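File shown here: entry-v1.pdb, holding PDB, C-alpha atoms.
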ATOM      1  CA  MET A   1       0.000   0.000   0.000
ATOM      2  CA  ILE A   2       1.350   3.429  -0.968
ATOM      3  CA  ALA A   3       1.087   6.136   1.674
ATOM      4  CA  SER A   4      -0.733   9.368   0.866
ATOM      5  CA  LEU A   5       1.111  12.698   0.827
ATOM      6  CA  PRO A   6      -0.239  13.777   4.248
ATOM      7  CA  GLN A   7       1.003  10.483   5.735
ATOM      8  CA  VAL A   8       4.431  10.946   4.139
ATOM      9  CA  LEU A   9       4.607  14.514   5.445
ATOM     10  CA  LEU A  10       3.698  13.322   8.925
ATOM     11  CA  LEU A  11       6.407  10.639   8.808
ATOM     12  CA  LEU A  12       8.972  13.195   7.582
ATOM     13  CA  GLU A  13       8.023  15.530  10.401
ATOM     14  CA  ILE A  14       8.170  12.833  13.077
ATOM     15  CA  GLY A  15      11.537  11.626  11.756
ATOM     16  CA  ALA A  16      12.934  15.163  11.729
ATOM     17  CA  VAL A  17      11.739  15.780  15.296
ATOM     18  CA  VAL A  18      13.275  12.535  16.588
ATOM     19  CA  LEU A  19      16.573  13.340  14.875
ATOM     20  CA  ILE A  20      16.622  16.914  16.174
ATOM     21  CA  LEU A  21      15.959  15.655  19.708
ATOM     22  CA  LEU A  22      18.975  13.369  19.340
ATOM     23  CA  TYR A  23      20.920  16.362  18.011
ATOM     24  CA  MET A  24      19.971  18.444  21.065
ATOM     25  CA  TYR A  25      20.869  15.631  23.461
ATOM     26  CA  TYR A  26      24.364  15.257  22.018
ATOM     27  CA  ALA A  27      24.823  19.013  21.548
ATOM     28  CA  ALA A  28      24.070  19.507  25.245
ATOM     29  CA  LYS A  29      26.834  16.990  25.933
ATOM     30  CA  GLN A  30      28.995  18.956  23.447
ATOM     31  CA  GLN A  31      29.658  15.874  21.322
ATOM     32  CA  ALA A  32      30.388  16.312  17.624
ATOM     33  CA  ILE A  33      28.062  13.442  16.669
ATOM     34  CA  ALA A  34      25.199  15.856  17.396
ATOM     35  CA  TRP A  35      25.821  17.531  14.054
ATOM     36  CA  LEU A  36      25.301  14.265  12.157
ATOM     37  CA  PHE A  37      21.808  13.958  13.636
ATOM     38  CA  GLY A  38      21.228  17.614  12.780
ATOM     39  CA  ILE A  39      22.219  17.024   9.157
ATOM     40  CA  ALA A  40      19.874  14.031   8.897
ATOM     41  CA  ALA A  41      16.999  16.069  10.393
ATOM     42  CA  SER A  42      17.693  18.863   7.910
ATOM     43  CA  VAL A  43      17.611  16.488   4.949
ATOM     44  CA  LEU A  44      14.170  15.239   6.019
ATOM     45  CA  SER A  45      13.041  18.826   6.576
ATOM     46  CA  VAL A  46      14.087  19.857   3.056
ATOM     47  CA  PHE A  47      11.566  17.390   1.635
ATOM     48  CA  LEU A  48       8.905  18.392   4.156
ATOM     49  CA  PHE A  49       9.226  22.104   3.398
ATOM     50  CA  TYR A  50       9.315  21.479  -0.352
ATOM     51  CA  PHE A  51       5.858  19.930  -0.220
ATOM     52  CA  GLN A  52       4.606  22.682   2.100
ATOM     53  CA  GLN A  53       6.117  25.425  -0.120
ATOM     54  CA  TYR A  54       8.021  27.068   2.741
ATOM     55  CA  TRP A  55      10.870  28.211   0.521
ATOM     56  CA  GLY A  56      12.715  30.124   3.251
ATOM     57  CA  SER A  57      12.604  27.083   5.527
ATOM     58  CA  LEU A  58      13.668  24.786   2.684
ATOM     59  CA  PHE A  59      16.657  26.998   1.872
ATOM     60  CA  LEU A  60      17.414  27.258   5.583
ATOM     61  CA  ASN A  61      17.619  23.478   5.910
ATOM     62  CA  LEU A  62      19.920  23.255   2.892
ATOM     63  CA  VAL A  63      22.179  25.761   4.635
ATOM     64  CA  TYR A  64      21.856  23.722   7.854
ATOM     65  CA  CYS A  65      23.254  20.726   5.979
ATOM     66  CA  LEU A  66      26.351  22.734   5.053
ATOM     67  CA  GLN A  67      26.614  24.277   8.497
ATOM     68  CA  GLY A  68      26.195  20.806   9.985
ATOM     69  CA  VAL A  69      29.286  19.613   8.134
ATOM     70  CA  LEU A  70      31.185  22.687   9.367
ATOM     71  CA  GLY A  71      29.827  22.174  12.880
ATOM     72  CA  TYR A  72      30.866  18.541  12.937
ATOM     73  CA  LEU A  73      34.371  19.290  11.667
ATOM     74  CA  ASN A  74      34.778  22.278  13.980
ATOM     75  CA  TRP A  75      33.522  20.453  17.069
ATOM     76  CA  LYS A  76      35.481  17.300  16.213
ATOM     77  CA  PHE A  77      38.831  18.871  15.360
ATOM     78  CA  VAL A  78      38.995  22.575  16.322
ATOM     79  CA  VAL A  79      36.973  23.237  19.464
ATOM     80  CA  ALA A  80      36.907  19.663  20.823
ATOM     81  CA  GLY A  81      37.111  19.789  24.601
ATOM     82  CA  LYS A  82      36.543  23.560  24.729
ATOM     83  CA  GLN A  83      33.600  24.810  26.732
ATOM     84  CA  VAL A  84      30.746  26.908  25.363
ATOM     85  CA  ARG A  85      31.688  30.602  25.232
ATOM     86  CA  GLN A  86      29.640  33.520  26.514
ATOM     87  CA  GLY A  87      31.525  36.335  24.826
ATOM     88  CA  LEU A  88      28.929  37.943  22.552
ATOM     89  CA  SER A  89      27.347  41.111  23.950
ATOM     90  CA  VAL A  90      23.602  41.627  23.884
ATOM     91  CA  TRP A  91      24.022  44.802  21.805
ATOM     92  CA  LEU A  92      25.989  42.939  19.157
ATOM     93  CA  GLN A  93      23.273  40.284  19.063
ATOM     94  CA  VAL A  94      20.576  42.964  18.640
ATOM     95  CA  TRP A  95      22.473  44.683  15.830
ATOM     96  CA  ALA A  96      23.050  41.365  14.068
ATOM     97  CA  ILE A  97      19.329  40.592  14.294
ATOM     98  CA  ILE A  98      18.404  44.021  12.901
ATOM     99  CA  VAL A  99      20.873  43.786  10.003
ATOM    100  CA  LEU A 100      19.873  40.194   9.147
ATOM    101  CA  SER A 101      16.166  41.035   9.314
ATOM    102  CA  ALA A 102      16.650  44.050   7.037
ATOM    103  CA  GLY A 103      18.691  41.951   4.606
ATOM    104  CA  ALA A 104      16.040  39.235   4.534
ATOM    105  CA  TRP A 105      13.343  41.857   3.926
ATOM    106  CA  VAL A 106      15.331  43.252   0.966
ATOM    107  CA  LEU A 107      15.743  39.715  -0.400
ATOM    108  CA  TYR A 108      12.007  39.156  -0.013
ATOM    109  CA  TYR A 109      11.255  42.385  -1.888
ATOM    110  CA  ILE A 110      13.667  41.573  -4.731
ATOM    111  CA  LEU A 111      12.410  38.009  -5.108
ATOM    112  CA  SER A 112       8.741  38.992  -4.898
ATOM    113  CA  GLN A 113       9.258  41.601  -7.631
ATOM    114  CA  ASN A 114      11.313  39.392  -9.951
ATOM    115  CA  THR A 115       9.957  35.850  -9.524
ATOM    116  CA  THR A 116       6.639  34.089  -9.324
ATOM    117  CA  MET A 117       7.594  32.254  -6.133
ATOM    118  CA  LYS A 118       5.041  32.322  -3.345
ATOM    119  CA  LEU A 119       7.112  33.858  -0.535
ATOM    120  CA  ASN A 120       6.562  34.769   3.089
ATOM    121  CA  ALA A 121       8.723  37.655   4.368
ATOM    122  CA  PHE A 122       8.471  36.397   7.957
ATOM    123  CA  ASP A 123       9.726  32.974   6.866
ATOM    124  CA  LEU A 124      12.747  34.535   5.125
ATOM    125  CA  ILE A 125      13.586  36.730   8.132
ATOM    126  CA  LEU A 126      13.406  33.723  10.469
ATOM    127  CA  ALA A 127      15.594  31.735   8.073
ATOM    128  CA  ALA A 128      18.259  34.472   8.189
ATOM    129  CA  LEU A 129      18.155  34.554  11.992
ATOM    130  CA  SER A 130      18.355  30.771  12.202
ATOM    131  CA  ILE A 131      21.410  30.689   9.932
ATOM    132  CA  TYR A 132      23.038  33.225  12.240
ATOM    133  CA  ALA A 133      22.123  31.153  15.320
ATOM    134  CA  THR A 134      23.624  28.041  13.742
ATOM    135  CA  TRP A 135      26.809  29.926  12.855
ATOM    136  CA  LEU A 136      27.098  30.965  16.510
ATOM    137  CA  GLU A 137      26.472  27.379  17.564
ATOM    138  CA  VAL A 138      29.219  26.098  15.254
ATOM    139  CA  LYS A 139      31.537  28.439  17.169
ATOM    140  CA  LYS A 140      30.154  27.165  20.517
ATOM    141  CA  GLU A 141      28.817  30.629  21.367
ATOM    142  CA  MET A 142      26.144  30.566  24.080
ATOM    143  CA  ALA A 143      24.282  33.526  22.533
ATOM    144  CA  CYS A 144      22.894  31.184  19.887
ATOM    145  CA  TRP A 145      20.300  29.886  22.357
ATOM    146  CA  ASN A 146      18.676  33.314  22.831
ATOM    147  CA  ILE A 147      18.196  33.550  19.087
ATOM    148  CA  TRP A 148      17.084  29.911  18.757
ATOM    149  CA  ILE A 149      14.379  30.335  21.372
ATOM    150  CA  ASP A 150      13.014  33.480  19.693
ATOM    151  CA  ALA A 151      13.200  31.984  16.193
ATOM    152  CA  ASN A 152      11.541  28.703  17.197
ATOM    153  CA  ILE A 153       8.675  30.450  18.990
ATOM    154  CA  SER A 154       8.235  32.675  15.936
ATOM    155  CA  TYR A 155       8.305  29.670  13.582
ATOM    156  CA  ALA A 156       5.632  27.956  15.705
ATOM    157  CA  ILE A 157       3.442  31.047  15.329
ATOM    158  CA  LEU A 158       4.090  31.179  11.566
ATOM    159  CA  TYR A 159       3.213  27.522  11.080
ATOM    160  CA  ALA A 160       0.111  27.780  13.293
ATOM    161  CA  LEU A 161      -1.139  30.826  11.387
ATOM    162  CA  ASN A 162      -0.516  29.074   8.081
ATOM    163  CA  ALA A 163      -2.377  25.970   9.261
ATOM    164  CA  ASP A 164      -5.351  28.188  10.203
ATOM    165  CA  ASN A 165      -5.287  29.930   6.806
ATOM    166  CA  SER A 166      -4.975  26.743   4.771
ATOM    167  CA  GLY A 167      -7.737  24.794   6.437
TER
END
Using structure tokens, write down the structure from this file.
Amino acid sequence: MIASLPQVLLLLEIGAVVLILLYMYYAAKQQAIAWLFGIAASVLSVFLFYFQQYWGSLFLNLVYCLQGVLGYLNWKFVVAGKQVRQGLSVWLQVWAIIVLSAGAWVLYYILSQNTTMKLNAFDLILAALSIYATWLEVKKEMACWNIWIDANISYAILYALNADNSG
């Protein structure tokens, strides 16, 4: 029996969640293997977001795959045994968020004017912030968690609003 698209999407989502939970478990232990689970979760998410037409999230997960390789190599060979740093000031974090959000908004405007892609500006802004959070995480910078928490809460709101609008 062939599964229907909603069943496949559900399986992709469950698989991605299980893999990301394994990623978080090993990341909390600061073990490089965490990144391998993160890469696998991102691969599943690419397919999930393709079918849901969340282009910013799809692109984000492609970038996560690349960042996952960098994270694995960095944690395995460069920062192995080093503790998480807390050196990034709040003001620098705020400025980075403002600049990335403005850049994502410009990208949204350019793409919406020059392509027929169905885009969501909020999705693109969250993708930019998530890429930044992952870059900080690759460097073992504690500030990434502030950004992750905000981005994940915002993504939950985006997905919930989209579910309400599509049904």
Would you mind telling me which residue in A:Leu48, A:Val79, A:Ala143, A:Leu62 lies nearest to Leu92 (chain A) when using only C-alpha atoms? A:Ala143
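Between CA of Gly38 (chain A) and CA of Ile125 (chain A) there is a distance of 21.1 Å.
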Spell out the residues picked by the PyMOL selection byres ((chain A and resi 67) around 12) here, as a ChimeraX atom specification. /A:35-36,38-39,42,60-66,68-75,130-139
Could you take the residues named above and write them with C-alpha atoms, as a PDB file, in the frame of the given file?
ATOM      1  CA  TRP A  35      25.821  17.531  14.054  1.00  0.00           C
ATOM      2  CA  LEU A  36      25.301  14.265  12.157  1.00  0.00           C
ATOM      3  CA  GLY A  38      21.228  17.614  12.780  1.00  0.00           C
ATOM      4  CA  ILE A  39      22.219  17.024   9.157  1.00  0.00           C
ATOM      5  CA  SER A  42      17.693  18.863   7.910  1.00  0.00           C
ATOM      6  CA  LEU A  60      17.414  27.258   5.583  1.00  0.00           C
ATOM      7  CA  ASN A  61      17.619  23.478   5.910  1.00  0.00           C
ATOM      8  CA  LEU A  62      19.920  23.255   2.892  1.00  0.00           C
ATOM      9  CA  VAL A  63      22.179  25.761   4.635  1.00  0.00           C
ATOM     10  CA  TYR A  64      21.856  23.722   7.854  1.00  0.00           C
ATOM     11  CA  CYS A  65      23.254  20.726   5.979  1.00  0.00           C
ATOM     12  CA  LEU A  66      26.351  22.734   5.053  1.00  0.00           C
ATOM     13  CA  GLY A  68      26.195  20.806   9.985  1.00  0.00           C
ATOM     14  CA  VAL A  69      29.286  19.613   8.134  1.00  0.00           C
ATOM     15  CA  LEU A  70      31.185  22.687   9.367  1.00  0.00           C
ATOM     16  CA  GLY A  71      29.827  22.174  12.880  1.00  0.00           C
ATOM     17  CA  TYR A  72      30.866  18.541  12.937  1.00  0.00           C
ATOM     18  CA  LEU A  73      34.371  19.290  11.667  1.00  0.00           C
ATOM     19  CA  ASN A  74      34.778  22.278  13.980  1.00  0.00           C
ATOM     20  CA  TRP A  75      33.522  20.453  17.069  1.00  0.00           C
ATOM     21  CA  SER A 130      18.355  30.771  12.202  1.00  0.00           C
ATOM     22  CA  ILE A 131      21.410  30.689   9.932  1.00  0.00           C
ATOM     23  CA  TYR A 132      23.038  33.225  12.240  1.00  0.00           C
ATOM     24  CA  ALA A 133      22.123  31.153  15.320  1.00  0.00           C
ATOM     25  CA  THR A 134      23.624  28.041  13.742  1.00  0.00           C
ATOM     26  CA  TRP A 135      26.809  29.926  12.855  1.00  0.00           C
ATOM     27  CA  LEU A 136      27.098  30.965  16.510  1.00  0.00           C
ATOM     28  CA  GLU A 137      26.472  27.379  17.564  1.00  0.00           C
ATOM     29  CA  VAL A 138      29.219  26.098  15.254  1.00  0.00           C
ATOM     30  CA  LYS A 139      31.537  28.439  17.169  1.00  0.00           C
TER      31      LYS A 139
END
Run the PyMOL selection byres ((chain A and resi 44) around 9) mentally over the shown coordinates, then write out the matched residues as a PyMOL selection string, using the chain letters and numbers from the document. chain A and resi 12-13+15-16+39-43+45-49+61
Could you please determine the separation between CA of Ile157 (chain A) and CA of Val84 (chain A) in Å, to one decimal place? 29.4 Å
Run the PyMOL selection byres ((chain A and resi 98-104) around 8) on the file and write out the hits as number ranges by chain. A: 94-97, 105-108, 121, 124-126, 128-129
Of the listed residues A:Leu158, A:Met142, A:Asp150, A:Ala127, that which approaches Gly56 (chain A) most closely, counting all atoms listed in the file: A:Ala127
CA of Ala151 (chain A) sits from CA of Gln93 (chain A) at a separation of 13.4 Å
For Gly81 (chain A), the nearest of the candidates A:Gln52, A:Gln31, A:Asn120, A:Asn152, counting all atoms listed in the file: A:Gln31
